[in-house]
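*Asks:* Have a look at this one before I ask anything.
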Amino acid sequence: MNKLFSFLRSVVRGEINYKMLKYHFMHRVIGQHDTIVDDDFDWDHYTLHYKGELEVGAKKRTTVLSSDDYKFENRKLVQKGSRLPLHNNAQLLYETILLLSPESVLEIGCGGGDNLRNLNTLNSSFELFGVDISNSQLELFKQRHPELPCSTAIADAALPGFCHKQVDLIYTQAVIMHIGEKDGRHIRAFENAIKTSRQYLVLIENWEKHDFFGDVNDIFAKGVEGWDDYFLYYRESEISTVTKVMIISKVALDFPPLTDNGQLIS
Ligand SMILES: C[S@@+](CC[C@H](N)C(=O)[O-])C[C@H]1O[C@@H](n2cnc3c(N)ncnc32)[C@H](O)[C@@H]1O
């Protein structure tokens, strides 16, 4: 009943639009949701919902940056232009990546590619890669950012055979939170991301969806090839303290140490 109430409230507030409603009706109400893979969405048809999310998001936030919207100055990503601000997640994620200053970056679950495009706008020297489980999401990426220098590939990060060339930094934004726990799928996606990273993994997720802190420690307790040691950190948005990013690093960093799952959950 509570779920239905909060769903109806979101519709009234305009947080759920026609495309998202259509997706839910077609693929959750009358369609058959995959019960073998208990992810939150049917990724083969998700693009309809995602386009709705992009439309709703663009009313309140700048989703695709121009070069004069934000500048990275004195270790902060500062808004310069007068357009709508970035989403708090994006602001904290990009600032964290700029601070870590990797050469190569992979987004797992890159969707329509706005994050990769914005990273290129903020620092054109990043070598960029994106993978996604959905062909139609990557088609949308090509439509939205046809000129972006970024290699993309279809891949399910939760499969045992996930394989991608190693990069300095991997990040996810709103991906592992949507992967189901059945048969350890979410853990495998997490583990695959760590294995593929040369130096850093940066996650920005709904921290209440899985026990991310426990999971990462369990993964390292079993040993991860190429990682002799690991350090866990978090950063909090200065604009909204509920927005937190988790950083897993091979080397010690000057960020607040993450020692408890409670630090991620406000
Ligand atoms: C909520 S969207 C977020 C997209 C993008 N990260 C963003 O911030 O706009 C989740 C994305 O993750 C992708 N995805 C879901 N499960 C995945 C998996 N197992 N491997 C790779 N991509 C996945 C979906 O197709 C979708 O594009």
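Every chain in the structure tokens takes a letter, A first, then B, and so on in the order presented; its residues are numbered from 1, and the ligands are numbered from 1 following the presented order.
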Show me which residues line ligand 1, defined as having an atom within 8 Å of a ligand atom where only C-alpha atoms and all ligand atoms count, and present them as a PyMOL selection string.
*Replies:* chain A and resi 39+41+43-44+46-47+50+90+107-115+131-134+137-138+154-159+172-176+178-179+185-186+189
*Asks:* Can I get the selected residues back with N, CA and C atoms, as a compact mmCIF listing (two decimals), in the first residue's frame?
*Replies:*
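The resulting again02.txt:
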```
# COMPACT_ATOMS: atom_id res chain seq x y z
N ASP A 39 16.52 -8.39 -11.58
CA ASP A 39 16.91 -6.98 -11.63
C ASP A 39 15.66 -6.10 -11.56
N PHE A 41 14.70 -3.76 -13.55
CA PHE A 41 14.10 -3.44 -14.85
C PHE A 41 14.33 -4.58 -15.84
N TRP A 43 15.85 -4.89 -18.97
CA TRP A 43 16.80 -4.01 -19.66
C TRP A 43 16.57 -3.97 -21.17
N ASP A 44 15.98 -5.05 -21.73
CA ASP A 44 15.73 -5.05 -23.18
C ASP A 44 14.72 -3.96 -23.57
N TYR A 46 14.03 -1.23 -21.38
CA TYR A 46 14.19 -0.14 -20.40
C TYR A 46 14.31 1.25 -21.03
N THR A 47 14.78 1.32 -22.29
CA THR A 47 15.06 2.63 -22.90
C THR A 47 13.84 3.56 -22.89
N TYR A 50 13.88 5.06 -19.54
CA TYR A 50 15.07 5.92 -19.40
C TYR A 50 14.86 7.27 -20.12
N ALA A 90 25.75 13.72 -10.09
CA ALA A 90 26.69 13.96 -11.19
C ALA A 90 27.79 14.90 -10.72
N GLU A 107 32.79 3.63 -17.80
CA GLU A 107 31.51 3.64 -17.09
C GLU A 107 30.80 2.32 -17.38
N ILE A 108 30.49 1.57 -16.33
CA ILE A 108 29.70 0.35 -16.48
C ILE A 108 28.23 0.74 -16.33
N GLY A 109 27.41 0.39 -17.33
CA GLY A 109 26.01 0.83 -17.33
C GLY A 109 25.93 2.27 -17.76
N CYS A 110 26.53 2.57 -18.92
CA CYS A 110 26.70 3.97 -19.33
C CYS A 110 25.43 4.59 -19.90
N GLY A 111 24.41 3.77 -20.20
CA GLY A 111 23.13 4.31 -20.68
C GLY A 111 23.31 5.24 -21.87
N GLY A 112 22.64 6.38 -21.84
CA GLY A 112 22.67 7.35 -22.94
C GLY A 112 23.94 8.15 -23.05
N GLY A 113 24.91 7.93 -22.15
CA GLY A 113 26.25 8.49 -22.32
C GLY A 113 26.47 9.91 -21.81
N ASP A 114 25.47 10.49 -21.13
CA ASP A 114 25.66 11.88 -20.69
C ASP A 114 26.84 12.04 -19.73
N ASN A 115 27.02 11.05 -18.85
CA ASN A 115 28.14 11.17 -17.88
C ASN A 115 29.48 11.19 -18.62
N VAL A 131 30.33 0.60 -21.22
CA VAL A 131 29.65 -0.67 -21.55
C VAL A 131 28.24 -0.61 -20.98
N ASP A 132 27.36 -1.33 -21.65
CA ASP A 132 25.98 -1.43 -21.17
C ASP A 132 25.41 -2.76 -21.60
N ILE A 133 24.48 -3.25 -20.79
CA ILE A 133 23.85 -4.54 -21.09
C ILE A 133 22.88 -4.43 -22.26
N SER A 134 22.44 -3.21 -22.56
CA SER A 134 21.34 -3.04 -23.51
C SER A 134 21.78 -2.39 -24.82
N GLN A 137 20.09 0.99 -25.33
CA GLN A 137 20.72 2.08 -24.56
C GLN A 137 21.95 2.61 -25.32
N LEU A 138 22.71 1.69 -25.91
CA LEU A 138 23.90 2.14 -26.66
C LEU A 138 23.50 2.83 -27.96
N ILE A 154 28.58 -3.75 -25.83
CA ILE A 154 27.49 -4.39 -25.06
C ILE A 154 28.13 -5.41 -24.14
N ALA A 155 27.78 -5.38 -22.86
CA ALA A 155 28.29 -6.39 -21.94
C ALA A 155 27.43 -6.41 -20.69
N ASP A 156 27.19 -7.62 -20.18
CA ASP A 156 26.49 -7.75 -18.89
C ASP A 156 27.57 -7.90 -17.82
N ALA A 157 27.71 -6.86 -17.01
CA ALA A 157 28.77 -6.86 -15.99
C ALA A 157 28.56 -7.92 -14.92
N ALA A 158 27.35 -8.47 -14.86
CA ALA A 158 27.07 -9.46 -13.82
C ALA A 158 27.32 -10.90 -14.27
N LEU A 159 27.81 -11.05 -15.50
CA LEU A 159 28.10 -12.42 -15.97
C LEU A 159 29.51 -12.85 -15.56
N THR A 172 30.33 3.48 -11.59
CA THR A 172 28.93 3.16 -11.88
C THR A 172 28.09 4.25 -11.24
N GLN A 173 27.00 4.58 -11.89
CA GLN A 173 26.04 5.52 -11.31
C GLN A 173 24.66 4.91 -11.54
N ALA A 174 24.00 4.54 -10.43
CA ALA A 174 22.65 3.95 -10.49
C ALA A 174 22.61 2.68 -11.35
N VAL A 175 23.53 1.76 -11.11
CA VAL A 175 23.55 0.51 -11.89
C VAL A 175 23.49 -0.71 -10.95
N ILE A 176 24.49 -0.84 -10.06
CA ILE A 176 24.53 -2.04 -9.20
C ILE A 176 23.30 -2.08 -8.29
N HIS A 178 20.39 -1.54 -9.10
CA HIS A 178 19.26 -2.13 -9.83
C HIS A 178 19.49 -3.60 -10.17
N ILE A 179 20.68 -4.12 -9.88
CA ILE A 179 20.96 -5.53 -10.20
C ILE A 179 20.51 -6.39 -9.01
N ARG A 185 24.17 -12.03 -8.39
CA ARG A 185 24.42 -11.23 -9.60
C ARG A 185 25.05 -9.88 -9.26
N HIS A 186 24.49 -9.21 -8.23
CA HIS A 186 25.00 -7.86 -7.92
C HIS A 186 26.45 -7.92 -7.43
N ALA A 189 28.78 -8.37 -10.42
CA ALA A 189 28.99 -7.11 -11.16
C ALA A 189 30.02 -6.25 -10.41
```
*Asks:* Just list as a PyMOL selection string whatever in segment 13-217 of chain A DSSP marks as alpha helix (DSSP H).
*Replies:* chain A and resi 18-23+47-60+88-100+114-122+135-144+185-196+212-217
*Asks:* For Leu65 of chain A, which residue out of A:Tyr94, A:Leu203, A:Tyr230, A:Phe5 is the nearest one, using only C-alpha atoms?
*Replies:*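 Smallest distance to Leu65 of chain A is found for A:Tyr94.
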*Asks:* Using only C-alpha atoms, which residue out of A:His49, A:Lys165, A:Arg75, A:His24 lies closest to Thr96 of chain A?
*Replies:*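 Once distances to Thr96 of chain A are computed over only C-alpha atoms, the minimum belongs to A:Arg75.
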*Asks:* Record the distance separating atom CA of Leu258 of chain A and atom CA of Asp229 of chain A, expressed in Å with one decimal.
*Replies:*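 Going from atom CA of Leu258 of chain A over to atom CA of Asp229 of chain A covers 14.9 Å.
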*Asks:* Which residue gives the smallest distance to Phe212 of chain A among A:Val56, A:Val224, A:Leu264, A:Met20, with only C-alpha atoms counted?
*Replies:*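 Of A:Val56, A:Val224, A:Leu264, A:Met20, the one nearest Phe212 of chain A is A:Leu264, counting only C-alpha atoms.
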*Asks:* Mind listing the strand (DSSP E) residues of segment 116-173 of chain A, per DSSP on the backbone, as a PyMOL selection string?
*Replies:* chain A and resi 127-132+150-154+167-173
*Asks:* I need the residues from that last selection saved to file as an mmCIF file, in the first residue's frame (with C-alpha atoms), if you can.
*Replies:*
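Final output, saved to result_17.cif:
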```cif
data_model
loop_
_atom_site.group_PDB
_atom_site.id
_atom_site.type_symbol
_atom_site.label_atom_id
_atom_site.label_comp_id
_atom_site.auth_asym_id
_atom_site.auth_seq_id
_atom_site.Cartn_x
_atom_site.Cartn_y
_atom_site.Cartn_z
ATOM 1 C CA GLU A 127 40.436 8.107 -22.578
ATOM 2 C CA LEU A 128 36.795 7.029 -22.313
ATOM 3 C CA PHE A 129 35.014 3.662 -22.464
ATOM 4 C CA GLY A 130 31.399 2.682 -21.830
ATOM 5 C CA VAL A 131 29.650 -0.668 -21.546
ATOM 6 C CA ASP A 132 25.978 -1.425 -21.172
ATOM 7 C CA CYS A 150 34.486 6.920 -26.540
ATOM 8 C CA SER A 151 34.637 3.157 -27.213
ATOM 9 C CA THR A 152 31.406 1.394 -26.342
ATOM 10 C CA ALA A 153 30.442 -2.267 -26.106
ATOM 11 C CA ILE A 154 27.494 -4.386 -25.061
ATOM 12 C CA VAL A 167 41.386 0.970 -17.201
ATOM 13 C CA ASP A 168 42.641 3.277 -14.432
ATOM 14 C CA LEU A 169 39.214 4.158 -13.068
ATOM 15 C CA ILE A 170 35.809 2.494 -13.340
ATOM 16 C CA TYR A 171 32.597 4.053 -12.117
ATOM 17 C CA THR A 172 28.930 3.162 -11.884
ATOM 18 C CA GLN A 173 26.035 5.520 -11.307
#
```
*Asks:* Could you give me, as an MDAnalysis selection string, the residues within 12 Å of Leu21 of chain A, counting only C-alpha atoms and dropping anything in the same chain fewer than 2 positions from it?
*Replies:* chainID A and resid 7:8 10:11 14:19 23:29 46 48:53
*Asks:* Those residues you just picked out, can you put them in a file as a short mmCIF file (atom, residue, chain, number, x, y, z; two decimals), in the first residue's frame with N, CA and C atoms?
*Replies:*
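Okay, again.cif is ready:
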```
data_model
loop_
_atom_site.label_atom_id
_atom_site.label_comp_id
_atom_site.auth_asym_id
_atom_site.auth_seq_id
_atom_site.Cartn_x
_atom_site.Cartn_y
_atom_site.Cartn_z
N PHE A 7 4.14 5.80 -5.32
CA PHE A 7 4.09 5.80 -6.79
C PHE A 7 3.12 6.89 -7.27
N LEU A 8 1.91 6.92 -6.67
CA LEU A 8 0.90 7.91 -7.09
C LEU A 8 1.38 9.33 -6.79
N SER A 10 4.47 10.35 -6.81
CA SER A 10 5.47 10.69 -7.83
C SER A 10 4.81 11.09 -9.14
N VAL A 11 3.69 10.42 -9.48
CA VAL A 11 2.97 10.77 -10.72
C VAL A 11 2.44 12.19 -10.58
N GLY A 14 4.94 14.91 -10.98
CA GLY A 14 5.59 14.98 -12.29
C GLY A 14 6.94 14.28 -12.32
N GLU A 15 7.22 13.44 -11.30
CA GLU A 15 8.50 12.70 -11.29
C GLU A 15 8.41 11.44 -12.14
N ILE A 16 7.19 11.04 -12.46
CA ILE A 16 6.98 9.90 -13.35
C ILE A 16 6.13 10.42 -14.51
N ASN A 17 6.63 10.30 -15.73
CA ASN A 17 5.87 10.84 -16.86
C ASN A 17 5.25 9.71 -17.70
N TYR A 18 4.67 10.11 -18.82
CA TYR A 18 3.93 9.17 -19.67
C TYR A 18 4.80 7.98 -20.09
N LYS A 19 6.06 8.26 -20.50
CA LYS A 19 6.92 7.16 -20.99
C LYS A 19 7.19 6.14 -19.88
N TYR A 23 6.06 2.25 -19.80
CA TYR A 23 7.00 1.14 -19.56
C TYR A 23 6.45 0.23 -18.46
N HIS A 24 6.04 0.83 -17.34
CA HIS A 24 5.57 0.01 -16.20
C HIS A 24 4.34 -0.79 -16.58
N PHE A 25 3.43 -0.14 -17.33
CA PHE A 25 2.21 -0.84 -17.72
C PHE A 25 2.54 -2.00 -18.65
N MET A 26 3.36 -1.72 -19.69
CA MET A 26 3.63 -2.75 -20.70
C MET A 26 4.53 -3.87 -20.20
N HIS A 27 5.51 -3.53 -19.37
CA HIS A 27 6.52 -4.54 -19.03
C HIS A 27 6.45 -5.04 -17.59
N ARG A 28 5.70 -4.34 -16.75
CA ARG A 28 5.58 -4.84 -15.38
C ARG A 28 4.16 -5.31 -15.07
N VAL A 29 3.15 -4.64 -15.68
CA VAL A 29 1.77 -5.00 -15.34
C VAL A 29 1.28 -6.10 -16.28
N TYR A 46 14.03 -1.23 -21.38
CA TYR A 46 14.19 -0.14 -20.40
C TYR A 46 14.31 1.25 -21.03
N LEU A 48 12.66 2.99 -23.00
CA LEU A 48 11.44 3.81 -22.93
C LEU A 48 11.37 4.53 -21.58
N HIS A 49 11.62 3.79 -20.52
CA HIS A 49 11.60 4.38 -19.17
C HIS A 49 12.71 5.42 -19.02
N TYR A 50 13.88 5.06 -19.54
CA TYR A 50 15.07 5.92 -19.40
C TYR A 50 14.86 7.27 -20.12
N LYS A 51 14.23 7.20 -21.31
CA LYS A 51 13.95 8.45 -22.02
C LYS A 51 13.02 9.32 -21.18
N GLY A 52 12.05 8.68 -20.52
CA GLY A 52 11.16 9.42 -19.62
C GLY A 52 11.95 10.06 -18.48
N GLU A 53 12.92 9.29 -17.91
CA GLU A 53 13.75 9.82 -16.81
C GLU A 53 14.55 11.03 -17.29
#
```
*Asks:* From the set A:Thr196, A:Ser101, A:Ser6, A:Asn123, which residue has the shortest atom-to-atom contact distance to Lys71 of chain A, counting only C-alpha atoms?
*Replies:*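 The answer is A:Asn123, which sits nearest to Lys71 of chain A.
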*Asks:* Quick one: pull the distance between atom CA of Ser104 of chain A and atom CA of Lys80 of chain A, Å, one decimal.
*Replies:*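 Answer for the atom CA of Ser104 of chain A to atom CA of Lys80 of chain A separation: 26.3 Å.
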*Asks:* For Asp183 of chain A, which residue out of A:Val37, A:Val78, A:Leu93, A:Ile248 is the nearest one, using only C-alpha atoms?
*Replies:*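 Answer, going by the shortest atom-to-atom distance: A:Val37.
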*Asks:* May I have the residues within 12 Å of Lys195 of chain A as a PyMOL selection string, using only C-alpha atoms and disregarding those fewer than 2 positions away in the same chain?
*Replies:* chain A and resi 157+160-170+188-193+197-201+216+219-220+223-228+248-250
*Asks:* Interatomic distance between atom CA of Gln91 of chain A and atom CA of Leu77 of chain A?
*Replies:*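 Computed distance, atom CA of Gln91 of chain A to atom CA of Leu77 of chain A, equals 7.1 Å.
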*Asks:* What lies within 9 Å of Leu232 of chain A using only C-alpha atoms, ignoring chain neighbours under 4 positions off, as a list of chain:residue names?
*Replies:*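 Once the adjacent positions are removed, what remains is A:Phe213, A:Met246, A:Ile247, A:Ile248, A:Ser249, A:Ala252, A:Pro256, A:Pro257, A:Leu258, A:Thr259.
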